[in-house]
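Just my_file.cif here, mmCIF, C-alpha atoms and all ligand atoms:
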```
data_upload
#
loop_
_atom_site.group_PDB
_atom_site.id
_atom_site.type_symbol
_atom_site.label_atom_id
_atom_site.label_comp_id
_atom_site.auth_asym_id
_atom_site.auth_seq_id
_atom_site.Cartn_x
_atom_site.Cartn_y
_atom_site.Cartn_z
ATOM 1 C CA MET A 1 0.000 0.000 0.000
ATOM 2 C CA LYS A 2 1.368 3.387 -1.005
ATOM 3 C CA ASP A 3 0.443 7.033 -1.557
ATOM 4 C CA TYR A 4 0.601 8.152 -5.194
ATOM 5 C CA LEU A 5 0.396 11.587 -6.749
ATOM 6 C CA VAL A 6 -1.707 11.073 -9.884
ATOM 7 C CA ARG A 7 -2.813 13.103 -12.889
ATOM 8 C CA VAL A 8 -6.290 12.965 -14.478
ATOM 9 C CA THR A 9 -6.333 11.645 -18.050
ATOM 10 C CA GLU A 10 -10.133 11.523 -18.489
ATOM 11 C CA ASN A 11 -13.297 12.265 -16.520
ATOM 12 C CA LYS A 12 -16.501 11.459 -18.395
ATOM 13 C CA LYS A 13 -20.209 11.032 -17.748
ATOM 14 C CA VAL A 14 -21.411 7.518 -18.594
ATOM 15 C CA ALA A 15 -24.999 7.616 -17.257
ATOM 16 C CA GLU A 16 -27.196 9.854 -15.107
ATOM 17 C CA ASP A 17 -25.130 10.818 -12.020
ATOM 18 C CA LEU A 18 -22.462 8.250 -12.933
ATOM 19 C CA TYR A 19 -18.957 9.134 -14.115
ATOM 20 C CA GLU A 20 -15.688 7.383 -14.914
ATOM 21 C CA LEU A 21 -12.484 9.023 -13.723
ATOM 22 C CA THR A 22 -9.196 7.783 -15.187
ATOM 23 C CA PHE A 23 -5.796 8.777 -13.872
ATOM 24 C CA ALA A 24 -2.125 7.832 -14.173
ATOM 25 C CA PRO A 25 0.788 8.045 -11.712
ATOM 26 C CA LYS A 26 2.703 11.289 -12.084
ATOM 27 C CA VAL A 27 5.930 9.348 -11.669
ATOM 28 C CA GLY A 28 6.612 5.638 -12.238
ATOM 29 C CA LYS A 29 3.968 2.909 -12.168
ATOM 30 C CA PHE A 30 1.275 1.622 -9.827
ATOM 31 C CA GLU A 31 2.116 -1.456 -7.782
ATOM 32 C CA GLN A 32 0.249 -4.717 -8.332
ATOM 33 C CA MET A 33 -3.482 -4.567 -7.566
ATOM 34 C CA LYS A 34 -6.194 -7.201 -7.320
ATOM 35 C CA CYS A 35 -9.822 -7.171 -8.506
ATOM 36 C CA GLY A 36 -12.174 -6.109 -5.695
ATOM 37 C CA GLN A 37 -9.609 -3.998 -3.896
ATOM 38 C CA PHE A 38 -10.191 -0.283 -3.444
ATOM 39 C CA LEU A 39 -8.362 3.029 -3.089
ATOM 40 C CA GLN A 40 -8.761 6.142 -0.970
ATOM 41 C CA LEU A 41 -8.971 9.265 -3.099
ATOM 42 C CA GLN A 42 -7.987 12.679 -1.786
ATOM 43 C CA ILE A 43 -10.490 14.990 -3.437
ATOM 44 C CA PRO A 44 -8.840 18.434 -3.757
ATOM 45 C CA GLY A 45 -10.209 20.743 -1.040
ATOM 46 C CA LEU A 46 -11.501 17.930 1.242
ATOM 47 C CA LEU A 47 -9.698 16.552 4.270
ATOM 48 C CA LEU A 48 -11.263 13.092 4.499
ATOM 49 C CA ARG A 49 -10.390 10.726 1.681
ATOM 50 C CA ARG A 50 -13.204 8.845 -0.099
ATOM 51 C CA PRO A 51 -13.079 5.100 -0.914
ATOM 52 C CA PHE A 52 -13.659 3.850 -4.492
ATOM 53 C CA CYS A 53 -13.324 0.368 -5.962
ATOM 54 C CA LEU A 54 -10.841 -0.395 -8.686
ATOM 55 C CA TYR A 55 -12.967 -0.655 -11.836
ATOM 56 C CA LYS A 56 -10.321 -0.908 -14.593
ATOM 57 C CA PHE A 57 -6.638 -0.925 -13.802
ATOM 58 C CA ASP A 58 -3.106 -1.752 -14.825
ATOM 59 C CA SER A 59 0.276 -0.477 -13.737
ATOM 60 C CA ASP A 60 -0.076 2.705 -15.851
ATOM 61 C CA SER A 61 -3.696 3.694 -15.355
ATOM 62 C CA ILE A 62 -6.729 3.299 -13.079
ATOM 63 C CA THR A 63 -10.392 4.039 -13.750
ATOM 64 C CA VAL A 64 -12.949 4.389 -10.990
ATOM 65 C CA ALA A 65 -16.684 4.579 -11.686
ATOM 66 C CA TYR A 66 -18.369 6.972 -9.282
ATOM 67 C CA ALA A 67 -21.945 7.920 -8.485
ATOM 68 C CA VAL A 68 -22.523 11.563 -7.604
ATOM 69 C CA VAL A 69 -24.076 11.479 -4.124
ATOM 70 C CA GLY A 70 -22.590 14.327 -2.066
ATOM 71 C CA LYS A 71 -20.066 17.103 -1.760
ATOM 72 C CA GLY A 72 -16.989 14.995 -2.537
ATOM 73 C CA THR A 73 -18.302 13.308 -5.646
ATOM 74 C CA GLU A 74 -19.775 16.638 -6.813
ATOM 75 C CA LYS A 75 -16.230 18.061 -6.645
ATOM 76 C CA MET A 76 -14.902 15.032 -8.530
ATOM 77 C CA VAL A 77 -17.167 15.878 -11.497
ATOM 78 C CA LYS A 78 -15.193 19.110 -11.915
ATOM 79 C CA LEU A 79 -11.804 17.363 -12.197
ATOM 80 C CA LYS A 80 -10.319 17.824 -15.675
ATOM 81 C CA LYS A 81 -7.449 16.419 -17.684
ATOM 82 C CA GLY A 82 -4.118 17.341 -16.097
ATOM 83 C CA ASP A 83 -5.514 17.995 -12.577
ATOM 84 C CA GLU A 84 -3.534 16.310 -9.820
ATOM 85 C CA PHE A 85 -4.558 14.614 -6.563
ATOM 86 C CA LYS A 86 -3.373 11.848 -4.213
ATOM 87 C CA VAL A 87 -4.597 8.263 -3.877
ATOM 88 C CA THR A 88 -3.665 5.496 -1.427
ATOM 89 C CA LEU A 89 -3.781 1.972 -2.852
ATOM 90 C CA PRO A 90 -4.271 -0.926 -3.027
ATOM 91 C CA LEU A 91 -6.553 -1.434 -0.003
ATOM 92 C CA GLY A 92 -8.678 -4.352 1.181
ATOM 93 C CA ASN A 93 -8.705 -8.062 0.436
ATOM 94 C CA GLY A 94 -10.177 -8.325 -3.096
ATOM 95 C CA TRP A 95 -12.062 -11.221 -4.713
ATOM 96 C CA THR A 96 -10.544 -14.709 -4.616
ATOM 97 C CA LEU A 97 -12.034 -17.499 -6.711
ATOM 98 C CA GLN A 98 -11.329 -21.103 -5.727
ATOM 99 C CA ASP A 99 -10.519 -23.755 -8.338
ATOM 100 C CA LYS A 100 -13.990 -25.273 -7.883
ATOM 101 C CA HIS A 101 -15.655 -21.964 -8.840
ATOM 102 C CA LYS A 102 -16.061 -22.675 -12.550
ATOM 103 C CA LYS A 103 -19.430 -21.001 -13.137
ATOM 104 C CA VAL A 104 -19.504 -17.551 -11.595
ATOM 105 C CA VAL A 105 -22.457 -15.193 -11.203
ATOM 106 C CA LEU A 106 -21.609 -11.489 -10.993
ATOM 107 C CA LEU A 107 -24.498 -9.672 -9.329
ATOM 108 C CA GLY A 108 -24.277 -5.887 -9.227
ATOM 109 C CA GLY A 109 -26.559 -3.057 -8.188
ATOM 110 C CA GLY A 110 -25.885 0.390 -9.693
ATOM 111 C CA VAL A 111 -22.299 1.516 -9.196
ATOM 112 C CA GLY A 112 -21.816 -1.767 -7.280
ATOM 113 C CA CYS A 113 -21.240 -3.377 -10.695
ATOM 114 C CA ALA A 114 -17.825 -1.670 -10.859
ATOM 115 C CA PRO A 115 -15.823 -3.971 -8.525
ATOM 116 C CA LEU A 116 -17.099 -7.039 -10.418
ATOM 117 C CA ALA A 117 -15.920 -5.970 -13.859
ATOM 118 C CA TYR A 118 -12.301 -7.036 -13.465
ATOM 119 C CA VAL A 119 -12.991 -10.534 -12.095
ATOM 120 C CA PRO A 120 -13.206 -12.174 -15.582
ATOM 121 C CA ILE A 121 -9.901 -10.540 -16.550
ATOM 122 C CA THR A 122 -8.187 -11.888 -13.422
ATOM 123 C CA TYR A 123 -9.756 -15.345 -13.806
ATOM 124 C CA PRO A 124 -10.294 -15.772 -17.578
ATOM 125 C CA ASP A 125 -10.725 -19.565 -17.425
ATOM 126 C CA ARG A 126 -14.249 -19.481 -15.894
ATOM 127 C CA GLU A 127 -17.787 -19.019 -17.231
ATOM 128 C CA TYR A 128 -19.464 -15.765 -16.205
ATOM 129 C CA PHE A 129 -23.127 -14.766 -15.949
ATOM 130 C CA SER A 130 -23.834 -11.163 -14.973
ATOM 131 C CA PHE A 131 -27.004 -9.646 -13.544
ATOM 132 C CA LEU A 132 -26.932 -5.860 -13.341
ATOM 133 C CA GLY A 133 -29.659 -3.810 -11.691
ATOM 134 C CA PHE A 134 -30.464 -0.088 -12.004
ATOM 135 C CA ALA A 135 -33.262 2.222 -10.905
ATOM 136 C CA ASP A 136 -34.196 3.204 -14.466
ATOM 137 C CA LYS A 137 -32.904 3.504 -18.046
ATOM 138 C CA SER A 138 -31.024 6.775 -17.387
ATOM 139 C CA LYS A 139 -28.778 5.007 -14.817
ATOM 140 C CA VAL A 140 -27.864 1.941 -16.884
ATOM 141 C CA ALA A 141 -24.096 1.411 -17.301
ATOM 142 C CA PHE A 142 -21.483 -1.385 -17.407
ATOM 143 C CA GLU A 143 -23.615 -3.478 -19.824
ATOM 144 C CA SER A 144 -21.257 -3.391 -22.817
ATOM 145 C CA GLU A 145 -18.198 -3.927 -20.595
ATOM 146 C CA MET A 146 -19.764 -6.961 -18.878
ATOM 147 C CA SER A 147 -21.266 -8.495 -22.008
ATOM 148 C CA LYS A 148 -17.777 -8.628 -23.573
ATOM 149 C CA LYS A 149 -16.678 -11.032 -20.844
ATOM 150 C CA CYS A 150 -19.832 -12.883 -19.801
ATOM 151 C CA LYS A 151 -21.731 -15.717 -21.456
ATOM 152 C CA LEU A 152 -24.938 -14.034 -20.326
ATOM 153 C CA THR A 153 -25.596 -10.432 -19.264
ATOM 154 C CA VAL A 154 -29.038 -9.494 -17.969
ATOM 155 C CA VAL A 155 -29.894 -5.880 -17.146
ATOM 156 C CA THR A 156 -32.873 -5.056 -14.964
ATOM 157 C CA THR A 157 -34.494 -1.756 -14.100
ATOM 158 C CA ASP A 158 -36.824 -1.252 -11.147
ATOM 159 C CA ASN A 159 -39.469 0.376 -13.377
ATOM 160 C CA GLY A 160 -38.934 -1.715 -16.531
ATOM 161 C CA SER A 161 -37.763 1.273 -18.623
ATOM 162 C CA TYR A 162 -34.828 -0.834 -19.891
ATOM 163 C CA GLY A 163 -34.111 -4.580 -19.853
ATOM 164 C CA GLU A 164 -36.192 -6.764 -17.545
ATOM 165 C CA LYS A 165 -38.509 -5.134 -15.007
ATOM 166 C CA GLY A 166 -37.616 -5.844 -11.380
ATOM 167 C CA PHE A 167 -34.467 -6.553 -9.393
ATOM 168 C CA PRO A 168 -31.369 -8.412 -10.623
ATOM 169 C CA THR A 169 -31.829 -11.005 -7.862
ATOM 170 C CA GLN A 170 -35.252 -11.855 -9.377
ATOM 171 C CA ALA A 171 -33.731 -12.176 -12.859
ATOM 172 C CA LEU A 172 -31.052 -14.440 -11.405
ATOM 173 C CA GLU A 173 -33.519 -16.626 -9.508
ATOM 174 C CA LYS A 174 -35.442 -17.320 -12.742
ATOM 175 C CA ARG A 175 -32.274 -18.744 -14.295
ATOM 176 C CA LEU A 176 -30.567 -20.357 -11.316
ATOM 177 C CA ARG A 177 -31.560 -23.945 -12.103
ATOM 178 C CA GLU A 178 -30.402 -23.541 -15.696
ATOM 179 C CA ILE A 179 -27.047 -21.898 -14.840
ATOM 180 C CA GLN A 180 -26.238 -23.892 -11.678
ATOM 181 C CA PRO A 181 -23.490 -21.484 -10.570
ATOM 182 C CA ASP A 182 -20.709 -22.537 -8.222
ATOM 183 C CA VAL A 183 -20.450 -19.099 -6.647
ATOM 184 C CA ILE A 184 -22.166 -15.708 -6.564
ATOM 185 C CA LEU A 185 -20.162 -12.489 -6.189
ATOM 186 C CA VAL A 186 -22.340 -9.562 -5.225
ATOM 187 C CA CYS A 187 -21.974 -5.834 -4.642
ATOM 188 C CA GLY A 188 -24.838 -3.412 -4.182
ATOM 189 C CA PRO A 189 -27.131 -1.814 -1.640
ATOM 190 C CA ARG A 190 -27.961 -3.673 1.565
ATOM 191 C CA PRO A 191 -31.462 -4.863 0.499
ATOM 192 C CA MET A 192 -29.828 -6.461 -2.533
ATOM 193 C CA LEU A 193 -27.247 -8.218 -0.346
ATOM 194 C CA LYS A 194 -30.104 -9.522 1.812
ATOM 195 C CA ALA A 195 -31.996 -10.832 -1.249
ATOM 196 C CA ALA A 196 -28.788 -12.445 -2.548
ATOM 197 C CA ALA A 197 -28.156 -14.051 0.859
ATOM 198 C CA ARG A 198 -31.665 -15.573 0.806
ATOM 199 C CA LEU A 199 -31.072 -16.985 -2.693
ATOM 200 C CA ALA A 200 -27.649 -18.379 -1.819
ATOM 201 C CA LEU A 201 -29.070 -20.105 1.254
ATOM 202 C CA ALA A 202 -32.179 -21.461 -0.505
ATOM 203 C CA TYR A 203 -30.201 -22.887 -3.433
ATOM 204 C CA GLY A 204 -27.090 -23.904 -1.467
ATOM 205 C CA ILE A 205 -24.665 -21.728 -3.462
ATOM 206 C CA SER A 206 -21.631 -20.127 -1.853
ATOM 207 C CA ALA A 207 -21.580 -16.342 -2.127
ATOM 208 C CA TYR A 208 -19.256 -13.451 -1.345
ATOM 209 C CA ALA A 209 -20.211 -9.797 -0.968
ATOM 210 C CA SER A 210 -18.296 -6.570 -1.228
ATOM 211 C CA THR A 211 -19.559 -4.223 1.493
ATOM 212 C CA GLU A 212 -19.602 -0.455 1.191
ATOM 213 C CA GLU A 213 -19.533 0.702 4.812
ATOM 214 C CA ARG A 214 -18.815 4.354 5.481
ATOM 215 C CA MET A 215 -15.069 4.764 5.996
ATOM 216 C CA GLY A 216 -12.641 7.044 7.757
ATOM 217 C CA CYS A 217 -8.978 6.158 7.566
ATOM 218 C CA GLY A 218 -9.387 3.211 5.142
ATOM 219 C CA VAL A 219 -6.394 1.410 6.647
ATOM 220 C CA GLY A 220 -7.715 -0.272 9.801
ATOM 221 C CA ALA A 221 -6.946 2.390 12.407
ATOM 222 C CA CYS A 222 -10.175 4.275 13.206
ATOM 223 C CA LEU A 223 -12.914 1.556 13.380
ATOM 224 C CA VAL A 224 -15.460 3.790 11.572
ATOM 225 C CA CYS A 225 -16.103 0.949 9.119
ATOM 226 C CA ALA A 226 -16.870 -1.760 11.718
ATOM 227 C CA CYS A 227 -19.393 -4.350 10.536
ATOM 228 C CA ALA A 228 -20.844 -7.402 12.290
ATOM 229 C CA VAL A 229 -19.538 -10.733 10.956
ATOM 230 C CA LYS A 230 -20.460 -14.217 12.220
ATOM 231 C CA GLN A 231 -17.562 -16.392 13.379
ATOM 232 C CA ALA A 232 -17.060 -20.149 12.987
ATOM 233 C CA ASP A 233 -18.174 -20.743 16.623
ATOM 234 C CA GLY A 234 -21.469 -18.882 16.038
ATOM 235 C CA SER A 235 -20.434 -15.706 17.844
ATOM 236 C CA VAL A 236 -20.491 -12.314 16.127
ATOM 237 C CA ALA A 237 -17.385 -10.132 15.905
ATOM 238 C CA MET A 238 -16.982 -6.563 14.696
ATOM 239 C CA LYS A 239 -14.664 -6.544 11.681
ATOM 240 C CA ARG A 240 -13.080 -3.611 9.877
ATOM 241 C CA ALA A 241 -14.522 -3.471 6.347
ATOM 242 C CA CYS A 242 -11.402 -1.647 5.130
ATOM 243 C CA ALA A 243 -8.741 -3.979 6.505
ATOM 244 C CA ASP A 244 -10.554 -7.328 7.055
ATOM 245 C CA GLY A 245 -12.804 -6.812 3.974
ATOM 246 C CA PRO A 246 -14.414 -5.197 2.081
ATOM 247 C CA ILE A 247 -15.240 -8.695 0.822
ATOM 248 C CA PHE A 248 -16.790 -11.199 3.218
ATOM 249 C CA LYS A 249 -18.589 -14.499 2.903
ATOM 250 C CA LEU A 250 -22.197 -13.406 2.413
ATOM 251 C CA GLU A 251 -23.644 -15.889 4.933
ATOM 252 C CA ASP A 252 -21.338 -14.464 7.627
ATOM 253 C CA LEU A 253 -22.502 -10.862 7.252
ATOM 254 C CA VAL A 254 -25.098 -9.692 9.752
ATOM 255 C CA LEU A 255 -27.282 -7.690 7.363
HETATM 256 C C1 LIG A 301 -14.787 -0.050 -0.068
HETATM 257 C C2 LIG A 301 -15.698 0.952 -0.728
HETATM 258 C C3 LIG A 301 -15.716 1.056 -2.101
HETATM 259 C C4 LIG A 301 -16.542 1.983 -2.733
HETATM 260 N N1 LIG A 301 -16.515 2.037 -4.095
HETATM 261 C C5 LIG A 301 -17.289 2.932 -4.722
HETATM 262 C C6 LIG A 301 -17.230 3.023 -6.146
HETATM 263 O O1 LIG A 301 -16.506 2.299 -6.838
HETATM 264 N N2 LIG A 301 -18.019 3.964 -6.736
HETATM 265 C C7 LIG A 301 -18.851 4.788 -5.991
HETATM 266 O O2 LIG A 301 -19.545 5.619 -6.582
HETATM 267 N N3 LIG A 301 -18.902 4.720 -4.657
HETATM 268 C C8 LIG A 301 -18.140 3.830 -4.006
HETATM 269 N N4 LIG A 301 -18.173 3.773 -2.630
HETATM 270 C C9 LIG A 301 -19.017 4.754 -1.903
HETATM 271 C C10 LIG A 301 -18.289 6.121 -1.933
HETATM 272 O O3 LIG A 301 -17.120 6.039 -1.152
HETATM 273 C C11 LIG A 301 -19.210 7.212 -1.404
HETATM 274 O O4 LIG A 301 -20.329 7.331 -2.255
HETATM 275 C C12 LIG A 301 -18.464 8.542 -1.371
HETATM 276 O O5 LIG A 301 -17.461 8.500 -0.385
HETATM 277 C C13 LIG A 301 -19.438 9.667 -1.082
HETATM 278 O O6 LIG A 301 -18.680 10.840 -0.939
HETATM 279 P P1 LIG A 301 -19.405 12.251 -1.028
HETATM 280 O O7 LIG A 301 -18.527 13.255 -0.374
HETATM 281 O O8 LIG A 301 -19.869 12.555 -2.411
HETATM 282 O O9 LIG A 301 -20.707 12.027 -0.170
HETATM 283 P P2 LIG A 301 -20.966 12.496 1.322
HETATM 284 O O10 LIG A 301 -21.300 13.957 1.284
HETATM 285 O O11 LIG A 301 -19.907 12.005 2.229
HETATM 286 O O12 LIG A 301 -22.297 11.663 1.576
HETATM 287 C C14 LIG A 301 -23.443 11.842 0.705
HETATM 288 C C15 LIG A 301 -24.417 10.707 0.853
HETATM 289 O O13 LIG A 301 -23.795 9.459 0.480
HETATM 290 C C16 LIG A 301 -23.888 8.537 1.544
HETATM 291 N N5 LIG A 301 -22.644 7.763 1.594
HETATM 292 C C17 LIG A 301 -21.395 8.214 1.791
HETATM 293 N N6 LIG A 301 -20.510 7.201 1.827
HETATM 294 C C18 LIG A 301 -21.231 6.081 1.652
HETATM 295 C C19 LIG A 301 -20.923 4.719 1.600
HETATM 296 N N7 LIG A 301 -19.685 4.257 1.789
HETATM 297 N N8 LIG A 301 -21.921 3.851 1.391
HETATM 298 C C20 LIG A 301 -23.172 4.269 1.234
HETATM 299 N N9 LIG A 301 -23.542 5.545 1.268
HETATM 300 C C21 LIG A 301 -22.577 6.429 1.485
HETATM 301 C C22 LIG A 301 -24.059 9.376 2.782
HETATM 302 O O14 LIG A 301 -24.747 8.662 3.795
HETATM 303 C C23 LIG A 301 -24.892 10.526 2.293
HETATM 304 O O15 LIG A 301 -26.255 10.204 2.241
HETATM 305 C C24 LIG A 301 -17.381 2.850 -1.969
HETATM 306 C C25 LIG A 301 -17.358 2.762 -0.588
HETATM 307 C C26 LIG A 301 -16.546 1.821 0.030
HETATM 308 C C27 LIG A 301 -16.517 1.741 1.504
HETATM 309 S S1 LIG A 302 -12.010 3.044 7.890
HETATM 310 FE FE1 LIG A 302 -10.739 3.266 9.631
HETATM 311 S S2 LIG A 302 -10.677 1.250 10.426
HETATM 312 FE FE2 LIG A 302 -11.764 1.027 8.559
#
```

For the file at hand, write its structure as structure tokens.
Ligand SMILES: Cc1cc2nc3c(=O)[nH]c(=O)nc-3n(C[C@H](O)[C@H](O)[C@H](O)COP(=O)(O)OP(=O)(O)OC[C@H]3O[C@@H](n4cnc5c(N)ncnc54)[C@H](O)[C@@H]3O)c2cc1C
Ligand code: FES
Amino acid sequence: MKDYLVRVTENKKVAEDLYELTFAPKVGKFEQMKCGQFLQLQIPGLLLRRPFCLYKFDSDSITVAYAVVGKGTEKMVKLKKGDEFKVTLPLGNGWTLQDKHKKVVLLGGGVGCAPLAYVPITYPDREYFSFLGFADKSKVAFESEMSKKCKLTVVTTDNGSYGEKGFPTQALEKRLREIQPDVILVCGPRPMLKAAARLALAYGISAYASTEERMGCGVGACLVCACAVKQADGSVAMKRACADGPIFKLEDLVL
């Protein structure tokens, strides 16, 4: 993990209130990163860094996809080519597929699709099925990126204005018997994690979730990101989403 001074190469709108920010190290290269890890971005003018998942990355360039939700992300929209800021990376544990995970479902809600996009690049020898959910047509993103790598990509919108009407968990459930996945990787709002946990339990499929707790330091020191996680002996322990996660076994999360 290291602090980098970076320079913006592109900042573009990709859907309603959703942008992609790409940047490169001012000097040298980024160290090795893993899909599902995240970074802490120092937005110019703000003290507290903001966490964002690695969406696309290599040693020369990183892209984060960000939803505009508050004062920090509103400032990010104004970043332009050549602007400089600091990032700390890589942070967190990232996704790990086991050898037995041959058929993989990627289940994303809104900007929660971003940390799933690099899994097929890291593990190219698996079959992927993606289910991507958005509030409405204006928010739809990631579809072309995911369909390049997945055998099946299903987009849902809550109001049916694009793709299938309903939630991505419903679209997945309809196809679960046909796909018979070995594992589900999920990232999205809490109600979606709960629905995914119910599915995983009902169909006996192992599942992992990337949590998006509010964060402070991002490196395990402040405990702002504590989340309740079941232990092997049945007890519940508070874990730091930044340092112990952000990815946990879905059945262990107290949602
Ligand atoms: C590990 C991790 C990875 C993340 N990856 C991404 C990503 O790839 N793309 C992305 O758009 N966002 C991501 N987030 C969420 C992102 O960090 C917040 O949306 C961002 O910090 C908001 O900053 P802000 O100053 O614009 O909003 P603020 O003014 O701080 O808050 C505005 C609103 O957003 C809510 N909010 C702030 N942080 C979070 C959060 N962590 N989870 C849920 N709601 C929050 C607040 O409750 C408030 O309602 C991630 C969060 C974590 C913990
Ligand atoms: S954000 Fe400080 S311990 Fe996790």

Check your understanding: Hey, can you pull every residue with an atom no more than 12 Å from (-4.5, 21.0, -10.3), using all atoms listed in the file, and send it as a list in words?
Key -> Leu5, Val6, Arg7, Val8, Ile43, Pro44, Gly45, Lys78, Leu79, Lys80, Lys81, Gly82, Asp83, Glu84, Phe85 and Lys86 of chain A

Include C-alpha atoms and write out the residues we just selected as a short mmCIF file (atom, residue, chain, number, x, y, z; two decimals), in the frame of the given file.
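Output file selection.cif follows:
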```cif
data_model
loop_
_atom_site.label_atom_id
_atom_site.label_comp_id
_atom_site.auth_asym_id
_atom_site.auth_seq_id
_atom_site.Cartn_x
_atom_site.Cartn_y
_atom_site.Cartn_z
CA LEU A 5 0.40 11.59 -6.75
CA VAL A 6 -1.71 11.07 -9.88
CA ARG A 7 -2.81 13.10 -12.89
CA VAL A 8 -6.29 12.96 -14.48
CA ILE A 43 -10.49 14.99 -3.44
CA PRO A 44 -8.84 18.43 -3.76
CA GLY A 45 -10.21 20.74 -1.04
CA LYS A 78 -15.19 19.11 -11.92
CA LEU A 79 -11.80 17.36 -12.20
CA LYS A 80 -10.32 17.82 -15.68
CA LYS A 81 -7.45 16.42 -17.68
CA GLY A 82 -4.12 17.34 -16.10
CA ASP A 83 -5.51 18.00 -12.58
CA GLU A 84 -3.53 16.31 -9.82
CA PHE A 85 -4.56 14.61 -6.56
CA LYS A 86 -3.37 11.85 -4.21
#
```

Per residue of chain A within 9 Å of ligand LIG 302 (chain A), note the shortest atom pair and the distance in Å to one decimal, counting all atoms listed in the file, and order the rows by chain and increasing residue number, as a Markdown table.
```
| residue | atom | partner | partner_atom | distance |
| --- | --- | --- | --- | --- |
| A:Glu213 | CA | A:LIG302 | S1 | 8.5 |
| A:Arg214 | CA | A:LIG302 | S1 | 7.3 |
| A:Met215 | CA | A:LIG302 | S1 | 4.0 |
| A:Gly216 | CA | A:LIG302 | S1 | 4.1 |
| A:Cys217 | CA | A:LIG302 | FE1 | 4.0 |
| A:Gly218 | CA | A:LIG302 | S1 | 3.8 |
| A:Val219 | CA | A:LIG302 | FE1 | 5.6 |
| A:Gly220 | CA | A:LIG302 | S2 | 3.4 |
| A:Ala221 | CA | A:LIG302 | S2 | 4.4 |
| A:Cys222 | CA | A:LIG302 | FE1 | 3.8 |
| A:Leu223 | CA | A:LIG302 | S2 | 3.7 |
| A:Val224 | CA | A:LIG302 | S1 | 5.1 |
| A:Cys225 | CA | A:LIG302 | FE2 | 4.4 |
| A:Ala226 | CA | A:LIG302 | FE2 | 6.6 |
| A:Lys239 | CA | A:LIG302 | FE2 | 8.7 |
| A:Arg240 | CA | A:LIG302 | FE2 | 5.0 |
| A:Ala241 | CA | A:LIG302 | FE2 | 5.7 |
| A:Cys242 | CA | A:LIG302 | FE2 | 4.4 |
| A:Ala243 | CA | A:LIG302 | FE2 | 6.2 |
| A:Asp244 | CA | A:LIG302 | FE2 | 8.6 |
```

Practice item. Go through A:Ile121, A:Ile247, A:Leu106, A:Val77 one by one, measure the shortest atom-to-atom distance of each to Lys13 (chain A) using only C-alpha atoms, and give the residue with the smallest value. Key: A:Val77

Review point. Selected by the PyMOL selection byres (((not hetatm)) within 7 of (chain A and resi 301)) in the shown coordinates: which residues, as a count of residues only?
Key: 29

Check your understanding: What gap, in Å, lies between CA of Pro90 (chain A) and CA of Lys29 (chain A)?
Key ->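 Going from CA of Pro90 (chain A) over to CA of Lys29 (chain A) covers 12.9 Å.
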
Practice item. In the coordinates of the file, take the point (-2.9, -2.9, -10.0) and a cut-off of 10 Å; then, counting only C-alpha atoms, name each qualifying protein, DNA or RNA residue as an MDAnalysis selection string. Key: chainID A and resid 29:35 37 54 56:62 89:90

Check your understanding: Suppose you want the space between CA of Ile205 (chain A) and CA of Lys165 (chain A); what is it in Å?
Key -> 24.5 Å

Point to revise | Atomic distance CA of Phe248 (chain A) - CA of Gly133 (chain A), expressed in Å with one decimal | key: 21.0 Å

Practice item. Fewer than 4 positions away in the same chain doesn't count, so skip those; otherwise give me all residues within 7 Å of Ser206 (chain A), counting all atoms listed in the file, as a PyMOL selection string. Key: chain A and resi 182-184+200

Padding 6 Å on every side, please: axis-aligned box over the listed atoms of region 136-153 of chain A, centre and edge lengths to one decimal in Å, as lines of an AutoDock Vina configuration file.
```
center_x = -25.4
center_y = -4.5
center_z = -19.0
size_x = 29.5
size_y = 34.5
size_z = 21.1
```

Practice item. Determine the residue set returned by the PyMOL selection byres (((chain A and resi 105) around 9) and not hetatm) for the present structure, and present it as a PyMOL selection string. Key: chain A and resi 103-104+106-107+127-131+172+179+181-186

Review point. When the PyMOL selection byres (((chain A and resi 234) around 12) and not hetatm) is applied to the file above, which residues end up in the set, as a ChimeraX atom specification?
Key: /A:229-233,235-237,251-254

Check your understanding: Which of these, A:Arg177, A:Lys194, A:Gly108, A:Val87, has the shortest distance to Val154 (chain A) once you count only C-alpha atoms?
Key ->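 Using only C-alpha atoms, the shortest distance to Val154 (chain A) belongs to A:Gly108.
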